[in-house]
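Raw contents of final_22.pdb, PDB, C-alpha atoms:
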ATOM      1  CA  MET A1280     132.070 151.363  60.475
ATOM      2  CA  THR A1281     135.316 149.435  60.731
ATOM      3  CA  PRO A1282     135.567 145.828  59.513
ATOM      4  CA  ALA A1283     136.119 144.665  63.110
ATOM      5  CA  VAL A1284     132.891 146.324  64.297
ATOM      6  CA  ARG A1285     130.985 144.994  61.265
ATOM      7  CA  ASN A1286     132.247 141.444  61.937
ATOM      8  CA  LEU A1287     131.392 141.702  65.634
ATOM      9  CA  ARG A1288     127.857 142.918  64.892
ATOM     10  CA  LEU A1289     127.329 140.217  62.286
ATOM     11  CA  GLY A1290     128.592 137.456  64.588
ATOM     12  CA  LEU A1291     126.486 138.665  67.513
ATOM     13  CA  GLY A1292     123.434 138.923  65.241
ATOM     14  CA  VAL A1293     123.939 135.350  64.048
ATOM     15  CA  ALA A1294     124.397 134.192  67.659
ATOM     16  CA  LEU A1295     121.190 135.924  68.740
ATOM     17  CA  ALA A1296     119.283 134.448  65.788
ATOM     18  CA  VAL A1297     120.536 130.900  66.470
ATOM     19  CA  ALA A1298     119.818 131.071  70.212
ATOM     20  CA  SER A1299     116.362 132.582  69.617
ATOM     21  CA  LEU A1300     115.355 130.078  66.910
ATOM     22  CA  ASP A1301     116.737 127.259  69.031
ATOM     23  CA  GLN A1302     114.681 128.261  72.060
ATOM     24  CA  ALA A1303     111.549 128.840  69.954
ATOM     25  CA  THR A1304     111.751 125.410  68.300
ATOM     26  CA  LYS A1305     112.417 123.753  71.650
ATOM     27  CA  ALA A1306     109.342 125.417  73.175
ATOM     28  CA  TRP A1307     107.285 124.218  70.217
ATOM     29  CA  MET A1308     108.629 120.640  70.475
ATOM     30  CA  LEU A1309     108.119 120.530  74.254
ATOM     31  CA  ALA A1310     104.424 121.181  73.618
ATOM     32  CA  LEU A1311     104.170 118.960  70.525
ATOM     33  CA  ILE A1312     106.143 115.782  71.257
ATOM     34  CA  PHE A1313     107.293 115.839  74.889
ATOM     35  CA  ASN A1314     103.923 116.024  76.616
ATOM     36  CA  PRO A1315     102.861 113.281  76.209
ATOM     37  CA  PRO A1316     106.044 111.790  74.753
ATOM     38  CA  ARG A1317     105.533 110.651  71.169
ATOM     39  CA  VAL A1318     107.471 110.301  67.928
ATOM     40  CA  ILE A1319     106.290 111.963  64.730
ATOM     41  CA  GLU A1320     107.578 110.397  61.517
ATOM     42  CA  VAL A1321     108.268 113.243  59.076
ATOM     43  CA  THR A1322     110.015 111.246  56.341
ATOM     44  CA  PRO A1323     111.269 107.637  56.092
ATOM     45  CA  PHE A1324     114.644 108.862  57.447
ATOM     46  CA  PHE A1325     113.654 111.739  59.764
ATOM     47  CA  ASN A1326     111.548 111.844  62.929
ATOM     48  CA  LEU A1327     110.688 114.360  65.595
ATOM     49  CA  ALA A1328     111.483 112.390  68.748
ATOM     50  CA  PRO A1329     111.746 113.634  72.335
ATOM     51  CA  ALA A1330     115.105 113.213  74.072
ATOM     52  CA  TRP A1331     116.773 114.780  77.110
ATOM     53  CA  ASN A1332     120.551 115.075  76.892
ATOM     54  CA  ARG A1333     122.161 115.399  80.323
ATOM     55  CA  GLY A1334     125.670 115.534  78.847
ATOM     56  CA  VAL A1335     127.386 117.428  76.082
ATOM     57  CA  SER A1336     127.711 116.470  72.418
ATOM     58  CA  PHE A1337     126.532 112.922  71.695
ATOM     59  CA  GLY A1338     125.667 112.451  75.390
ATOM     60  CA  LEU A1339     129.299 112.589  76.524
ATOM     61  CA  LEU A1340     129.824 113.463  80.197
ATOM     62  CA  ALA A1341     126.186 112.652  80.972
ATOM     63  CA  HIS A1342     125.611 112.518  84.701
ATOM     64  CA  ASP A1343     122.570 112.654  86.970
ATOM     65  CA  SER A1344     124.318 114.771  89.603
ATOM     66  CA  PRO A1345     122.409 117.935  90.531
ATOM     67  CA  TRP A1346     125.667 119.820  89.951
ATOM     68  CA  ALA A1347     126.211 118.562  86.386
ATOM     69  CA  PRO A1348     124.011 121.185  84.651
ATOM     70  CA  TRP A1349     125.739 123.972  86.579
ATOM     71  CA  LEU A1350     129.210 122.664  85.823
ATOM     72  CA  LEU A1351     128.425 122.196  82.123
ATOM     73  CA  SER A1352     126.877 125.679  82.002
ATOM     74  CA  ALA A1353     130.001 127.120  83.655
ATOM     75  CA  LEU A1354     132.133 125.366  81.040
ATOM     76  CA  ALA A1355     129.886 126.791  78.301
ATOM     77  CA  THR A1356     130.321 130.267  79.810
ATOM     78  CA  VAL A1357     134.117 129.966  79.652
ATOM     79  CA  ILE A1358     133.864 128.832  76.031
ATOM     80  CA  VAL A1359     131.488 131.692  75.194
ATOM     81  CA  VAL A1360     133.909 134.249  76.680
ATOM     82  CA  PHE A1361     136.762 132.767  74.630
ATOM     83  CA  LEU A1362     134.641 132.825  71.456
ATOM     84  CA  LEU A1363     133.513 136.407  72.092
ATOM     85  CA  ARG A1364     137.131 137.504  72.350
ATOM     86  CA  TRP A1365     137.884 135.655  69.103
ATOM     87  CA  LEU A1366     134.825 137.213  67.447
ATOM     88  CA  ALA A1367     135.980 140.710  68.446
ATOM     89  CA  ARG A1368     139.139 140.043  66.395
ATOM     90  CA  ALA A1369     137.488 138.077  63.547
ATOM     91  CA  GLU A1370     139.413 138.629  60.340
ATOM     92  CA  ASN A1371     136.532 138.175  57.912
ATOM     93  CA  LEU A1372     132.790 137.759  57.589
ATOM     94  CA  VAL A1373     132.920 133.975  57.224
ATOM     95  CA  ILE A1374     134.770 133.576  60.523
ATOM     96  CA  ALA A1375     132.320 135.996  62.169
ATOM     97  CA  VAL A1376     129.327 133.966  60.970
ATOM     98  CA  ALA A1377     130.935 130.657  62.002
ATOM     99  CA  LEU A1378     131.730 131.998  65.479
ATOM    100  CA  GLY A1379     128.185 133.375  65.741
ATOM    101  CA  LEU A1380     126.772 129.931  64.948
ATOM    102  CA  VAL A1381     128.876 128.302  67.676
ATOM    103  CA  LEU A1382     128.104 131.063  70.193
ATOM    104  CA  GLY A1383     124.362 130.937  69.575
ATOM    105  CA  GLY A1384     124.320 127.165  69.899
ATOM    106  CA  ALA A1385     126.339 127.217  73.117
ATOM    107  CA  VAL A1386     124.012 129.803  74.634
ATOM    108  CA  GLY A1387     120.872 127.940  73.509
ATOM    109  CA  ASN A1388     122.001 124.686  75.108
ATOM    110  CA  ALA A1389     123.240 126.441  78.275
ATOM    111  CA  ILE A1390     119.785 127.979  78.707
ATOM    112  CA  ASP A1391     118.265 124.476  78.603
ATOM    113  CA  ARG A1392     120.703 123.128  81.171
ATOM    114  CA  LEU A1393     119.895 125.945  83.571
ATOM    115  CA  ARG A1394     116.115 125.690  82.989
ATOM    116  CA  PHE A1395     115.651 121.924  82.815
ATOM    117  CA  GLY A1396     118.891 120.314  83.996
ATOM    118  CA  ALA A1397     119.279 118.807  80.504
ATOM    119  CA  VAL A1398     119.234 119.839  76.852
ATOM    120  CA  VAL A1399     116.053 119.397  74.798
ATOM    121  CA  ASP A1400     116.827 117.296  71.704
ATOM    122  CA  PHE A1401     114.235 116.302  69.118
ATOM    123  CA  LEU A1402     115.710 115.931  65.619
ATOM    124  CA  ASP A1403     116.177 112.221  64.837
ATOM    125  CA  ILE A1404     117.842 111.209  61.575
ATOM    126  CA  HIS A1405     118.023 107.483  60.858
ATOM    127  CA  ALA A1406     118.827 104.986  58.102
ATOM    128  CA  LEU A1407     118.886 101.201  57.857
ATOM    129  CA  GLY A1408     117.871 100.818  61.493
ATOM    130  CA  TRP A1409     120.670 103.083  62.749
ATOM    131  CA  HIS A1410     119.744 106.329  64.497
ATOM    132  CA  PHE A1411     122.092 109.283  64.651
ATOM    133  CA  TRP A1412     122.154 110.980  68.048
ATOM    134  CA  ALA A1413     119.117 113.181  68.583
ATOM    135  CA  PHE A1414     120.007 116.849  68.297
ATOM    136  CA  ASN A1415     118.529 120.354  68.062
ATOM    137  CA  LEU A1416     119.136 123.641  66.219
ATOM    138  CA  ALA A1417     121.783 124.714  68.745
ATOM    139  CA  ASP A1418     123.739 121.525  68.051
ATOM    140  CA  ALA A1419     123.403 122.114  64.304
ATOM    141  CA  GLY A1420     124.724 125.672  64.699
ATOM    142  CA  ILE A1421     127.674 124.485  66.768
ATOM    143  CA  THR A1422     128.495 121.741  64.257
ATOM    144  CA  VAL A1423     128.229 123.911  61.137
ATOM    145  CA  GLY A1424     130.212 126.719  62.771
ATOM    146  CA  ALA A1425     132.953 124.425  64.069
ATOM    147  CA  VAL A1426     133.291 122.564  60.751
ATOM    148  CA  THR A1427     133.495 125.901  58.910
ATOM    149  CA  LEU A1428     136.262 127.118  61.234
ATOM    150  CA  LEU A1429     138.101 123.824  60.826
ATOM    151  CA  LEU A1430     137.867 123.934  57.033
ATOM    152  CA  LEU A1431     139.066 127.546  56.978
ATOM    153  CA  SER A1432     142.110 126.547  59.002
ATOM    154  CA  PHE A1433     143.108 124.095  56.245
ATOM    155  CA  LEU A1434     142.702 126.501  53.339
ATOM    156  CA  PRO A1435     145.888 127.455  51.564
ATOM    157  CA  GLU A1436     146.877 131.079  52.199
ATOM    158  CA  ARG A1437     146.058 132.096  48.629
ATOM    159  CA  LEU A1438     142.543 130.631  48.789
ATOM    160  CA  SER A1439     141.853 131.994  52.282
ATOM    161  CA  ARG A1440     142.283 135.536  50.907
ATOM    162  CA  VAL A1441     139.077 134.985  48.913
ATOM    163  CA  VAL A1442     137.056 135.023  52.134
ATOM    164  CA  ASP A1443     139.073 137.878  53.659
ATOM    165  CA  GLN A1444     137.643 141.346  53.561
ATOM    166  CA  PRO A1445     139.563 144.120  51.871
ATOM    167  CA  LYS A1446     141.673 145.858  54.452
TER     168      LYS A1446
END

What does the file become when written as structure tokens?
Amino acid sequence: MTPAVRNLRLGLGVALAVASLDQATKAWMLALIFNPPRVIEVTPFFNLAPAWNRGVSFGLLAHDSPWAPWLLSALATVIVVFLLRWLARAENLVIAVALGLVLGGAVGNAIDRLRFGAVVDFLDIHALGWHFWAFNLADAGITVGAVTLLLLSFLPERLSRVVDQPK
């Protein structure tokens, strides 16, 4: 198996795992805290709290238009196609995993938009009276994957070879 095929398989496997876990946890939370709506305090700084996000990250572009979920899903589809093309040319395993995280998260949230018209969010981290935006596993995958790709782009050439596969 060539490194390109191995990277593609790994990235797609990570994407499938993220999207599947995301949808499974959302189904669980819809039954547990959305109906009826309630907050479950897990720790002094972490709650399970129901939230519907009609926009994208951090509620940006939120709109109640019936077309908004379709437009945001179309945008996600364009991004997924771009990321799939990048994944097919991924240079190393770390990039493949990072792209898989972003892909899986994008697909998980797009499924919500098409099913519900909004994304199911339920993870609520807070401190000193300030609450971070509610999020879900798809959002976490997107964030970790994007930060990893960003950090890799800043690595000096010599250090980046450490994560490269032998050619």

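Nearest to Pro1323 in chain A of all the residues A:Ile1404, A:Leu1416, A:Leu1366, A:Ala1296 is A:Ile1404, counting only C-alpha atoms.
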
Counting only C-alpha atoms, what are the residues of range 1396-1420 of chain A within 12 Å of range 1346-1365 of chain A, and for each of them which pair of atoms is the nearest and at what distance in Å, to one decimal? Sort the table by chain and rising number, as a tab-separated table.
residue	atom	partner	partner_atom	distance
A:Gly1396	CA	A:Pro1348	CA	5.2
A:Ala1397	CA	A:Pro1348	CA	6.7
A:Val1398	CA	A:Pro1348	CA	9.2

- Message: As a check of understanding, name the residues that the PyMOL selection byres ((chain A and resi 1414) around 7) selects in the supplied structure, as a ChimeraX atom specification.
- Response: /A:1400-1403,1412-1413,1415,1418

- Message: Need to verify the contact set: Met1308 in chain A, 12 Å, all atoms listed in the file, exclusion of same-chain residues closer than 5 positions in sequence. Can you return it as a list in words?
- Response: Asp1301, Gln1302, Ala1303, Phe1313, Asn1314, Pro1315, Pro1316, Arg1317, Val1318, Ile1319, Asn1326, Leu1327, Ala1328, Pro1329, Ala1330, Val1399, Asp1400, Phe1401, Leu1402, Asn1415 and Leu1416 of chain A

- Task: Give as a PyMOL selection string the residues that the PyMOL selection byres ((chain A and resi 1291) around 9) matches when applied to the coordinates above.
- Result: chain A and resi 1286-1290+1292-1296+1363+1366+1375-1376+1378-1379+1382-1383

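Counting all atoms listed in the file, the residue from A:Asn1332, A:Thr1422, A:Thr1281, A:Ser1432 that sits nearest to Arg1392 in chain A is A:Asn1332.
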
Phe1395 in chain A: which residues within 10 Å, counting only C-alpha atoms, same-chain residues fewer than 4 positions away excluded, as a compact mmCIF listing (two decimals) with C-alpha atoms, in the coordinates of the input?
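The result, stored in result_31.txt:
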# COMPACT_ATOMS: atom_id res chain seq x y z
CA TRP A 1331 116.77 114.78 77.11
CA ARG A 1333 122.16 115.40 80.32
CA PRO A 1348 124.01 121.18 84.65
CA ALA A 1389 123.24 126.44 78.28
CA ILE A 1390 119.78 127.98 78.71
CA ASP A 1391 118.26 124.48 78.60
CA VAL A 1399 116.05 119.40 74.80

- Query: So how far away is CA of Gly1384 in chain A from CA of Val1426 in chain A, in Å?
  - Reply: 13.6 Å

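The coordinates place CA of Gly1387 in chain A at 24.9 Å from CA of Ala1283 in chain A.
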
- Message: Rounded to one decimal, what separation in Å do you get between CA of Ile1374 in chain A and CA of Thr1427 in chain A?
- Response: 7.9 Å

- Message: I'd like the neighbourhood of Gly1424 in chain A as a list in words, where a residue qualifies if any of its atoms comes within 7 Å (using all atoms listed in the file), though same-chain residues fewer than 3 positions away should be ignored.
- Response: Ala1377, Leu1378, Leu1380, Val1381, Gly1420, Ile1421, Thr1427 and Leu1428 of chain A

What would the file look like if the residues just selected were written as a PDB file, keeping the file's coordinate frame with C-alpha atoms?
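Output contents, as saved in again.pdb:
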ATOM      1  CA  ALA A1377     130.935 130.657  62.002  1.00  0.00           C
ATOM      2  CA  LEU A1378     131.730 131.998  65.479  1.00  0.00           C
ATOM      3  CA  LEU A1380     126.772 129.931  64.948  1.00  0.00           C
ATOM      4  CA  VAL A1381     128.876 128.302  67.676  1.00  0.00           C
ATOM      5  CA  GLY A1420     124.724 125.672  64.699  1.00  0.00           C
ATOM      6  CA  ILE A1421     127.674 124.485  66.768  1.00  0.00           C
ATOM      7  CA  THR A1427     133.495 125.901  58.910  1.00  0.00           C
ATOM      8  CA  LEU A1428     136.262 127.118  61.234  1.00  0.00           C
TER       9      LEU A1428
END

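Between Asn1388 in chain A and the candidates A:Lys1305, A:His1405, A:His1410, A:Arg1368, the tightest atom-to-atom separation, counting all atoms listed in the file, involves A:Lys1305.
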
Centre and edge lengths, as JSON, for the axis-aligned box enclosing every listed atom of range 1298-1313 of chain A with 5 Å of padding on each of the six sides, in Å to one decimal?
{"center_x": 112.0, "center_y": 124.2, "center_z": 70.9, "size_x": 25.6, "size_y": 26.8, "size_z": 18.0}

- Task: Using all atoms listed in the file, pick whichever of A:Ala1425, A:Ala1306, A:Leu1311, A:Ala1406 has the shortest atom-to-atom distance to Phe1324 in chain A.
- Result: A:Ala1406
